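Structure, as structure tokens:
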6 protein chains.
Amino acid sequence: MQVPVVVRNTPRTQLEVVEGLAGAGVATVHEAQGRTGLLRADIRPIFRPARVAGNALTCEVAPGDNWSIHVAVEQAQPGDILVVTPTSPCDDGYVGDLLAGSLMARGVRGVVIDAGVRDVATLTDMGFPVWSKAISAKGTVKETPGNVQTPIVCAGAYVRPGDVIVADDDGVVVVPREEAATVLKAARDRLASEAAKRPRLNAGELGLDIYQMRERLAGKGLRYVDYVESP
Amino acid sequence: MQVPVVVRNTPRTQLEVVEGLAGAGVATVHEAQGRTGLLRADIRPIFRPARVAGNALTCEVAPGDNWSIHVAVEQAQPGDILVVTPTSPCDDGYVGDLLAGSLMARGVRGVVIDAGVRDVATLTDMGFPVWSKAISAKGTVKETPGNVQTPIVCAGAYVRPGDVIVADDDGVVVVPREEAATVLKAARDRLASEAAKRPRLNAGELGLDIYQMRERLAGKGLRYVDYVESP
Amino acid sequence: MQVPVVVRNTPRTQLEVVEGLAGAGVATVHEAQGRTGLLRADIRPIFRPARVAGNALTCEVAPGDNWSIHVAVEQAQPGDILVVTPTSPCDDGYVGDLLAGSLMARGVRGVVIDAGVRDVATLTDMGFPVWSKAISAKGTVKETPGNVQTPIVCAGAYVRPGDVIVADDDGVVVVPREEAATVLKAARDRLASEAAKRPRLNAGELGLDIYQMRERLAGKGLRYVDYVESP
Amino acid sequence: MQVPVVVRNTPRTQLEVVEGLAGAGVATVHEAQGRTGLLRADIRPIFRPARVAGNALTCEVAPGDNWSIHVAVEQAQPGDILVVTPTSPCDDGYVGDLLAGSLMARGVRGVVIDAGVRDVATLTDMGFPVWSKAISAKGTVKETPGNVQTPIVCAGAYVRPGDVIVADDDGVVVVPREEAATVLKAARDRLASEAAKRPRLNAGELGLDIYQMRERLAGKGLRYVDYVESP
Amino acid sequence: MQVPVVVRNTPRTQLEVVEGLAGAGVATVHEAQGRTGLLRADIRPIFRPARVAGNALTCEVAPGDNWSIHVAVEQAQPGDILVVTPTSPCDDGYVGDLLAGSLMARGVRGVVIDAGVRDVATLTDMGFPVWSKAISAKGTVKETPGNVQTPIVCAGAYVRPGDVIVADDDGVVVVPREEAATVLKAARDRLASEAAKRPRLNAGELGLDIYQMRERLAGKGLRYVDYVESP
Amino acid sequence: MQVPVVVRNTPRTQLEVVEGLAGAGVATVHEAQGRTGLLRADIRPIFRPARVAGNALTCEVAPGDNWSIHVAVEQAQPGDILVVTPTSPCDDGYVGDLLAGSLMARGVRGVVIDAGVRDVATLTDMGFPVWSKAISAKGTVKETPGNVQTPIVCAGAYVRPGDVIVADDDGVVVVPREEAATVLKAARDRLASEAAKRPRLNAGELGLDIYQMRERLAGKGLRYVDYVESP
């Protein structure tokens, strides 16, 4: 059996880049890096609106066991987002208001967890954002520690310590740390491009014309016919 | 292989009837037309409260491909609601803030989609209501156009262009355009009937008595017994 | 075939104890009684925040049939929470604003239902809390009465009339009436213990130290290593 | 409230065409009619292998109520397939061995139901194929009749009496009766085309070459690179 | 926190009655006791056909932890069926071929588990039937024992030690031990009644006539109309 | 937007090790590598029994688009298993009998796909094993190629080209190629250990005694009590 490991001194992405990605938002960042890195869509924020970005602080937990989250807190640095994945599917409430207070005290900006969270009324009052698969009051034991700050798969996405997590009302995306600056630039280009098109669309100009789609649609065989009352 | 088609000049329901149905709300309209026409209950509004009615502007999309939505925008008329169904289940974010702005510019009142939507924070700020199966930042391609303004099945309901869509916090219902005026009348009768019973119920009078249920319940064998502590 | 039965004069838990449990909240009550009694996590409140406790008024319903809820209203006493379970899974909207008004008039504090509810916009305006598996406008018939005030399984939990239901943003928990006072005491002890730890955690002290976890973690084989760039 | 209706003397598709479509199978028929008409993929056969086609005998049922299936039996003709949809989602066992025997006696070839079935061991012994969403022993009442032989939506597909149902291990597809002969011809063309390609593919020739995909892939930007050990 | 408990010398149902219920099968037993006691329909056998009945040997397990199953084996008696429920939803493979061999050695006839099972190829070869929510190779730890031979809720049904479990291809039903003999008699009556109707239905006689439904259907408003080609 | 890439000449694991892992089976391999690497449990074989191992040939596909599978076939080598993941959830039938024939011709041993498959009756006759999330007749387009032979996340597991895939009736596990030989050795040790215990368990000896669990259970507070009839 493998023994659990905590990896210290993992790399992190520069917070200036992280903030830039937060500003772009999940949908834009996801597009900017070639439509990759999205977590499953059932990972939802416990309150809305919410938008945050941070360095991934990764954590594996056994089903029904949140011990390694306590271990992870010690590894936290300001600007981190805790990313938690269970080793098999579990909806238990791994994080509550005490752990949230502890994480906030260490500068952690939020939690992304492919499992459950509890005390959500208090977390909402605290303004501590969590994206989770479930809300559940079910408590957890402390018997089986898991890995901290190792690469994990969370909600279908591969996340390494120090990759950038961007989370908002649309969901959660991960950006590999080596690509973060490039993705930020592409995201800003995309925002600029959208900003140019938005007033035209809002004025009633058609996407068919703006994006010059008519010829290609015809090439695909699209036909226009007039309605005929069924005989 | 069938080629995709856009049907122009489809019939629509008179907006005066449409507004009347909006006023009645989904649950009442659904009852008034004999408990038919509801979409699946997992089609949920992205913000609450929300209530709207409109003429169905129908649109089929390929999985992960929103091209025909751009085609549909051109067919929109003020008072429409865009109704989108994928040809196989898909949670991708087919509609975002740019398309929403384009739809609003054409007078479209909202979107009902058996798939995903994105930019929901912005859509909420815009006050543009969407009922969807998912919220997802996942973008879509433009490779395979689908039918626009043909009859479709959306979330388990059969919807034709110009049928009336009523959507609120309880879900979404479709009313065939030929029956819209009749259903409106039945809905108003039902509202009046409920208005007569509400004060009696709120005053503590029992439904058992108001609806004269006691005899029929006895006929079904319902027995009343007193609690006995288990021995 | 069994005939349906209504059990009158079932025992209830003292409201003073019930209020105390409401004050503690679901997660704490669940912990205080040994992590038992939680309903499935997909039973969610129709609005947030919401927190309430009451005596279980139990009710079985046939799929798509809410007749026995009307029967249950007559058995209600102030301080009750109506707990409804269908005899097979069903998402129909069993409760709407008329029934809610009727229940409020009898002093019922809320509804917990392993099925659907409708008129949620109105229920929200009324401040009448409901925890349900679904929101659905689908109406129900009145053909097959079920048992009222008998022990039931609701959303995976065993509930007897007069057991205490505590419901908040985290979900729903049931406390057997014989244990309610004991659980309340344990819940208050737990709240006091948490109150003592909260300022230390919020000040940045680690759970690893407060709970003295380090030695036990080492005994489980937890190792700390330093990050090495992959070769 | 609408009253339920039984439509007699509905049109049917010629059995010779029906048998032809059975021979082609679901995947081929679905392709041949432009990738339309599939029922949801969670409708699965109770035993495999199974393949059958027939004229749709449609039936709506209330949740937990199979009364209209008894009504439908009388409308059956040899070569029919009973297609059942509940008015709201329900997994109850609507059909068991007695009804199956009754249906077989009338020449019905199988059942497609967006709900549950029971007595599956006996049905398997009888060789009576059923495609269903669930297997459930839960019985049903006879209180609320529904429509028989009217157009319905079953598992996401629009089905009218006399449309052709084709069902096999891959699922279920519906073919509009007006298009059945045309679809059969297209299906046979497709089978012939596949028969020509199968030996080439089985001999190791690449689809990339047979379908001449390489140029178009390059046009989409596909790049070939050699593996480099990560540094 | 409650400590886990093992209850010894719990009552059991006479095996002669148990065998009788096995002979009747799940659907019939469920009907015979008034359509109660069914477990959720997603509890499915790992191989088919399978049919067995036995005394419930109950066992609670923590998520991802099968320790109490080992404790339960010691309490087993010939004719038991092990019934396992996790304290929160978990699909892990709690039982494999070693435990199955151990259970068979103690005379246990099968397992019903609202969680996962593994080694299903071997279990199939052994002829050891299991009804489970999932098949999963995921192993479990031995850190947190749970209750053995206490009343539990398994897959939505309330099960006490010594209640009768009947399981076959249609699912699983529990019969309270005090009612087992009465239910057996009712089940046999039902089988006799069905045996009388089966040949009539198989000969083509209609349920409408055998059950004399026509008048009651007319009373519900059922209308017969002839098909009219849509204009 | 990133352009899709095909990586040629990726490393593979020695087939001798691969065969050894096939012999051990999924549950044992999963245990032997520290309970890691399992794919989600809803990835199920289309026929049973089935057991196979091979080198991962990885492939990303767009939703509803199987173009890159055709690209992947060219990269196949004898002993490979094709592992396919869609970029967003999709149940379409990406692989049918033609592609299966093509893959078999290149020596591919099976397919693992977090999506759908079709022609399953034919694939069963061919003895070509597939583990999939769905069976669906829904066809796919060829418009958007994806990456081939790059690291992917498939059904929650991180898979690189040349990692070992082991698949059987219990599910699918991936073994990193660098660890394959070590895991094989650990798996064989585990098999030997189980072989030593199996006859003792089958002879009725208790796991409580073989694994010396009694003292540790007492330390966890496990109590034995005798059944008392409820008063």
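In the structure tokens, chains take letters A, B, ... by order of appearance, with residues numbered from 1 within each chain and ligands from 1 in the order shown.
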Restrict the distance test to only C-alpha atoms, flag each residue of chain B within 12 Å of chain F, and return the flagged residues as a count of residues only.
30
Practice problem: Mind the document's chain letters and residue numbers, and return as a PyMOL selection string the residues of range 83-185 of chain F that DSSP labels strand (DSSP E). | Solution: chain F and resi 83-86+93-95+111-117+130-135+152-154+157-159+164-168+171-175
Prev. selection, N, CA and C atoms, output as a compact mmCIF listing (two decimals), in the first residue's frame:
```txt
# COMPACT_ATOMS: atom_id res chain seq x y z
N VAL F 83 -8.45 4.10 -25.49
CA VAL F 83 -9.08 4.79 -24.36
C VAL F 83 -9.58 6.14 -24.86
N VAL F 84 -10.88 6.34 -24.81
CA VAL F 84 -11.49 7.52 -25.42
C VAL F 84 -12.21 8.36 -24.37
N THR F 85 -11.99 9.66 -24.42
CA THR F 85 -12.70 10.57 -23.51
C THR F 85 -13.26 11.73 -24.31
N PRO F 86 -14.53 12.08 -24.08
CA PRO F 86 -15.08 13.25 -24.75
C PRO F 86 -14.70 14.52 -23.99
N GLY F 93 -23.01 7.07 -29.57
CA GLY F 93 -22.34 5.82 -29.92
C GLY F 93 -21.13 6.07 -30.81
N TYR F 94 -19.97 6.30 -30.21
CA TYR F 94 -18.78 6.70 -30.96
C TYR F 94 -18.15 5.54 -31.73
N VAL F 95 -18.36 4.34 -31.25
CA VAL F 95 -17.70 3.18 -31.85
C VAL F 95 -18.77 2.16 -32.22
N VAL F 111 -11.82 -1.56 -26.10
CA VAL F 111 -12.03 -0.12 -26.01
C VAL F 111 -12.56 0.23 -24.62
N VAL F 112 -12.04 1.31 -24.07
CA VAL F 112 -12.59 1.90 -22.86
C VAL F 112 -13.01 3.31 -23.22
N ILE F 113 -14.28 3.65 -23.02
CA ILE F 113 -14.78 4.94 -23.49
C ILE F 113 -15.76 5.54 -22.48
N ASP F 114 -15.49 6.79 -22.11
CA ASP F 114 -16.38 7.51 -21.20
C ASP F 114 -17.50 8.17 -22.02
N ALA F 115 -18.20 7.34 -22.77
CA ALA F 115 -19.25 7.79 -23.68
C ALA F 115 -19.99 6.53 -24.13
N GLY F 116 -20.63 6.59 -25.31
CA GLY F 116 -21.44 5.46 -25.74
C GLY F 116 -20.80 4.62 -26.83
N VAL F 117 -21.38 3.45 -27.03
CA VAL F 117 -20.94 2.52 -28.06
C VAL F 117 -22.21 1.94 -28.70
N VAL F 130 -15.79 -4.00 -24.93
CA VAL F 130 -15.84 -2.54 -24.76
C VAL F 130 -16.37 -2.25 -23.37
N TRP F 131 -15.72 -1.33 -22.69
CA TRP F 131 -16.22 -0.79 -21.42
C TRP F 131 -16.67 0.64 -21.71
N SER F 132 -17.93 0.94 -21.43
CA SER F 132 -18.47 2.25 -21.80
C SER F 132 -19.43 2.77 -20.74
N LYS F 133 -19.74 4.05 -20.84
CA LYS F 133 -20.72 4.66 -19.94
C LYS F 133 -22.13 4.42 -20.42
N ALA F 134 -22.29 4.18 -21.71
CA ALA F 134 -23.63 4.05 -22.27
C ALA F 134 -23.60 3.16 -23.49
N ILE F 135 -24.76 2.62 -23.82
CA ILE F 135 -24.97 2.00 -25.12
C ILE F 135 -25.96 2.89 -25.85
N ILE F 152 -4.65 12.10 -20.93
CA ILE F 152 -6.06 12.50 -20.82
C ILE F 152 -6.59 12.12 -19.43
N VAL F 153 -7.74 12.69 -19.10
CA VAL F 153 -8.52 12.19 -17.97
C VAL F 153 -9.70 11.43 -18.56
N CYS F 154 -9.81 10.15 -18.23
CA CYS F 154 -10.91 9.33 -18.71
C CYS F 154 -11.68 8.79 -17.51
N ALA F 157 -9.92 9.19 -14.20
CA ALA F 157 -8.55 8.70 -14.02
C ALA F 157 -7.63 9.36 -15.05
N TYR F 158 -6.40 9.61 -14.62
CA TYR F 158 -5.39 10.22 -15.50
C TYR F 158 -4.69 9.09 -16.25
N VAL F 159 -4.73 9.15 -17.57
CA VAL F 159 -4.19 8.07 -18.40
C VAL F 159 -3.23 8.66 -19.42
N VAL F 164 -0.75 1.06 -18.51
CA VAL F 164 -1.45 -0.21 -18.69
C VAL F 164 -2.90 -0.07 -18.24
N ILE F 165 -3.78 -0.50 -19.12
CA ILE F 165 -5.21 -0.56 -18.80
C ILE F 165 -5.56 -2.01 -18.49
N VAL F 166 -6.15 -2.24 -17.35
CA VAL F 166 -6.67 -3.57 -17.02
C VAL F 166 -8.18 -3.41 -16.86
N ALA F 167 -8.94 -4.27 -17.53
CA ALA F 167 -10.40 -4.15 -17.51
C ALA F 167 -11.01 -5.53 -17.36
N ASP F 168 -11.97 -5.64 -16.47
CA ASP F 168 -12.71 -6.90 -16.34
C ASP F 168 -14.13 -6.60 -15.85
N GLY F 171 -14.64 -3.58 -13.57
CA GLY F 171 -14.40 -2.21 -14.02
C GLY F 171 -13.07 -2.07 -14.71
N VAL F 172 -12.45 -0.90 -14.58
CA VAL F 172 -11.23 -0.58 -15.32
C VAL F 172 -10.26 0.15 -14.39
N VAL F 173 -8.99 -0.24 -14.47
CA VAL F 173 -7.95 0.44 -13.69
C VAL F 173 -6.78 0.76 -14.61
N VAL F 174 -6.09 1.87 -14.32
CA VAL F 174 -4.91 2.24 -15.09
C VAL F 174 -3.68 2.17 -14.19
N VAL F 175 -2.60 1.63 -14.76
CA VAL F 175 -1.33 1.52 -14.03
C VAL F 175 -0.29 2.35 -14.78
```
Give me, as a count of residues only, all polymer residues having an atom no more than 12 Å from Glu16 in chain D, counting only C-alpha atoms and skipping those fewer than 2 positions away in the same chain.
17
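Across the model, the gap from CA of Leu206 in chain C to CA of Ser102 in chain A is 7.2 Å.
CA of Val17 in chain E sits 28.8 Å away from CA of Leu99 in chain D.
Interatomic distance, CA of Met104 in chain E to CA of Ile69 in chain E: 13.5 Å.
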Backbone DSSP call of alpha helix (DSSP H) for range 41-228 of chain C, listed as a PyMOL selection string
chain C and resi 67-75+97-105+120-126+180-202+207-210+214-219
Problem set entry | Near-Asp80 in chain E list (8 Å; only C-alpha atoms; drop same-chain fewer than 5 positions) as a list in words | Gly54, Asn55, Ala56, Leu57, Gly107, Val108, Arg109 and Gly110 of chain E
Can I get the selected residues back with all heavy atoms, as a compact mmCIF listing (two decimals), in the first residue's frame?
```txt
# COMPACT_ATOMS: atom_id res chain seq x y z
N GLY E 54 -34.26 -15.16 2.80
CA GLY E 54 -33.54 -15.49 4.01
C GLY E 54 -33.85 -14.50 5.12
O GLY E 54 -34.55 -13.51 4.90
N ASN E 55 -33.32 -14.80 6.29
CA ASN E 55 -33.47 -13.89 7.43
C ASN E 55 -32.46 -12.76 7.31
O ASN E 55 -31.27 -13.00 7.09
CB ASN E 55 -33.23 -14.65 8.74
CG ASN E 55 -34.44 -15.42 9.18
OD1 ASN E 55 -35.44 -14.83 9.58
ND2 ASN E 55 -34.37 -16.76 9.10
N ALA E 56 -32.93 -11.54 7.53
CA ALA E 56 -32.02 -10.40 7.43
C ALA E 56 -30.99 -10.43 8.55
O ALA E 56 -31.34 -10.51 9.73
CB ALA E 56 -32.82 -9.10 7.50
N LEU E 57 -29.73 -10.37 8.15
CA LEU E 57 -28.60 -10.17 9.07
C LEU E 57 -28.10 -8.77 8.76
O LEU E 57 -27.50 -8.54 7.71
CB LEU E 57 -27.52 -11.22 8.76
CG LEU E 57 -26.13 -11.04 9.36
CD1 LEU E 57 -26.16 -11.11 10.88
CD2 LEU E 57 -25.17 -12.10 8.80
N GLY E 107 -23.34 -20.39 6.00
CA GLY E 107 -24.72 -20.67 5.60
C GLY E 107 -25.50 -19.47 5.10
O GLY E 107 -26.71 -19.56 4.89
N VAL E 108 -24.80 -18.35 4.88
CA VAL E 108 -25.48 -17.16 4.37
C VAL E 108 -25.79 -17.36 2.89
O VAL E 108 -24.97 -17.87 2.13
CB VAL E 108 -24.62 -15.90 4.59
CG1 VAL E 108 -25.24 -14.68 3.93
CG2 VAL E 108 -24.43 -15.68 6.09
N ARG E 109 -27.01 -16.96 2.49
CA ARG E 109 -27.50 -17.28 1.16
C ARG E 109 -27.27 -16.20 0.11
O ARG E 109 -27.49 -16.44 -1.08
CB ARG E 109 -29.02 -17.52 1.24
CG ARG E 109 -29.36 -18.73 2.06
CD ARG E 109 -30.85 -18.86 2.26
NE ARG E 109 -31.17 -20.13 2.91
CZ ARG E 109 -32.39 -20.53 3.20
NH1 ARG E 109 -33.43 -19.75 2.90
NH2 ARG E 109 -32.61 -21.68 3.79
N GLY E 110 -26.89 -15.03 0.56
CA GLY E 110 -26.69 -13.95 -0.39
C GLY E 110 -26.49 -12.65 0.34
O GLY E 110 -26.51 -12.60 1.58
```
Non-local contacts of Asn147 in chain F (6 Å; only C-alpha atoms; under 3 positions in same chain excluded) as number ranges by chain
F: 4-6, 59-60
Residues from last step as file, N, CA and C atoms, as a short mmCIF file (atom, residue, chain, number, x, y, z; two decimals), in the first residue's frame:
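Produced file again00.cif, reproduced below:
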```
data_model
loop_
_atom_site.label_atom_id
_atom_site.label_comp_id
_atom_site.auth_asym_id
_atom_site.auth_seq_id
_atom_site.Cartn_x
_atom_site.Cartn_y
_atom_site.Cartn_z
N PRO F 4 -5.24 20.48 -32.64
CA PRO F 4 -5.12 19.10 -32.16
C PRO F 4 -3.80 18.49 -32.60
N VAL F 5 -3.34 17.54 -31.83
CA VAL F 5 -2.04 16.96 -32.09
C VAL F 5 -2.10 15.44 -31.96
N VAL F 6 -1.30 14.78 -32.80
CA VAL F 6 -1.12 13.33 -32.70
C VAL F 6 0.32 13.09 -32.31
N CYS F 59 -7.16 8.98 -26.77
CA CYS F 59 -7.88 9.70 -27.82
C CYS F 59 -8.92 10.63 -27.19
N GLU F 60 -8.86 11.91 -27.54
CA GLU F 60 -9.89 12.85 -27.12
C GLU F 60 -10.85 13.08 -28.28
#
```
Any idea what's packed within 7 Å of Ala155 in chain C, counting only C-alpha atoms, ignoring anything in its chain fewer than 4 positions away? Could you give it as a PDB file with all heavy atoms, in the first residue's frame?
```pdb
ATOM      1  N   LEU C  39     -31.368  12.869   6.456  1.00  0.00           N
ATOM      2  CA  LEU C  39     -32.054  12.513   5.218  1.00  0.00           C
ATOM      3  C   LEU C  39     -31.074  12.662   4.056  1.00  0.00           C
ATOM      4  O   LEU C  39     -30.035  13.315   4.183  1.00  0.00           O
ATOM      5  CB  LEU C  39     -33.274  13.414   5.000  1.00  0.00           C
ATOM      6  CG  LEU C  39     -34.545  12.956   5.739  1.00  0.00           C
ATOM      7  CD1 LEU C  39     -34.386  13.070   7.236  1.00  0.00           C
ATOM      8  CD2 LEU C  39     -35.759  13.744   5.273  1.00  0.00           C
ATOM      9  N   ARG C  40     -31.407  12.042   2.927  1.00  0.00           N
ATOM     10  CA  ARG C  40     -30.548  12.131   1.746  1.00  0.00           C
ATOM     11  C   ARG C  40     -30.261  13.597   1.414  1.00  0.00           C
ATOM     12  O   ARG C  40     -31.111  14.481   1.578  1.00  0.00           O
ATOM     13  CB  ARG C  40     -31.216  11.493   0.528  1.00  0.00           C
ATOM     14  CG  ARG C  40     -31.249   9.978   0.497  1.00  0.00           C
ATOM     15  CD  ARG C  40     -31.514   9.503  -0.951  1.00  0.00           C
ATOM     16  NE  ARG C  40     -32.372  10.442  -1.623  1.00  0.00           N
ATOM     17  CZ  ARG C  40     -33.693  10.361  -1.668  1.00  0.00           C
ATOM     18  NH1 ARG C  40     -34.312   9.339  -1.122  1.00  0.00           N
ATOM     19  NH2 ARG C  40     -34.399  11.282  -2.267  1.00  0.00           N
ATOM     20  N   ASP C 114     -39.991  13.951   0.107  1.00  0.00           N
ATOM     21  CA  ASP C 114     -39.106  13.235  -0.817  1.00  0.00           C
ATOM     22  C   ASP C 114     -39.813  13.130  -2.172  1.00  0.00           C
ATOM     23  O   ASP C 114     -40.033  12.042  -2.707  1.00  0.00           O
ATOM     24  CB  ASP C 114     -38.798  11.849  -0.256  1.00  0.00           C
ATOM     25  CG  ASP C 114     -37.733  11.123  -1.079  1.00  0.00           C
ATOM     26  OD1 ASP C 114     -37.166  11.760  -1.984  1.00  0.00           O
ATOM     27  OD2 ASP C 114     -37.484   9.932  -0.821  1.00  0.00           O
TER      28      ASP C 114
ATOM     29  N   GLY E 156     -33.946   2.595   1.181  1.00  0.00           N
ATOM     30  CA  GLY E 156     -35.281   3.159   1.356  1.00  0.00           C
ATOM     31  C   GLY E 156     -36.259   2.283   2.117  1.00  0.00           C
ATOM     32  O   GLY E 156     -37.400   2.687   2.338  1.00  0.00           O
TER      33      GLY E 156
END
```
Next on the checklist: At a cut-off of 12 Å, using only C-alpha atoms, what residues contact Ala100 in chain D? Leave out same-chain residues fewer than 6 positions from it and give the result as number ranges by chain.
Outcome noted: D: 69-70, 73, 81-82, 94, 106-111, 117-120, 122-130; E: 198, 201-202, 204, 207
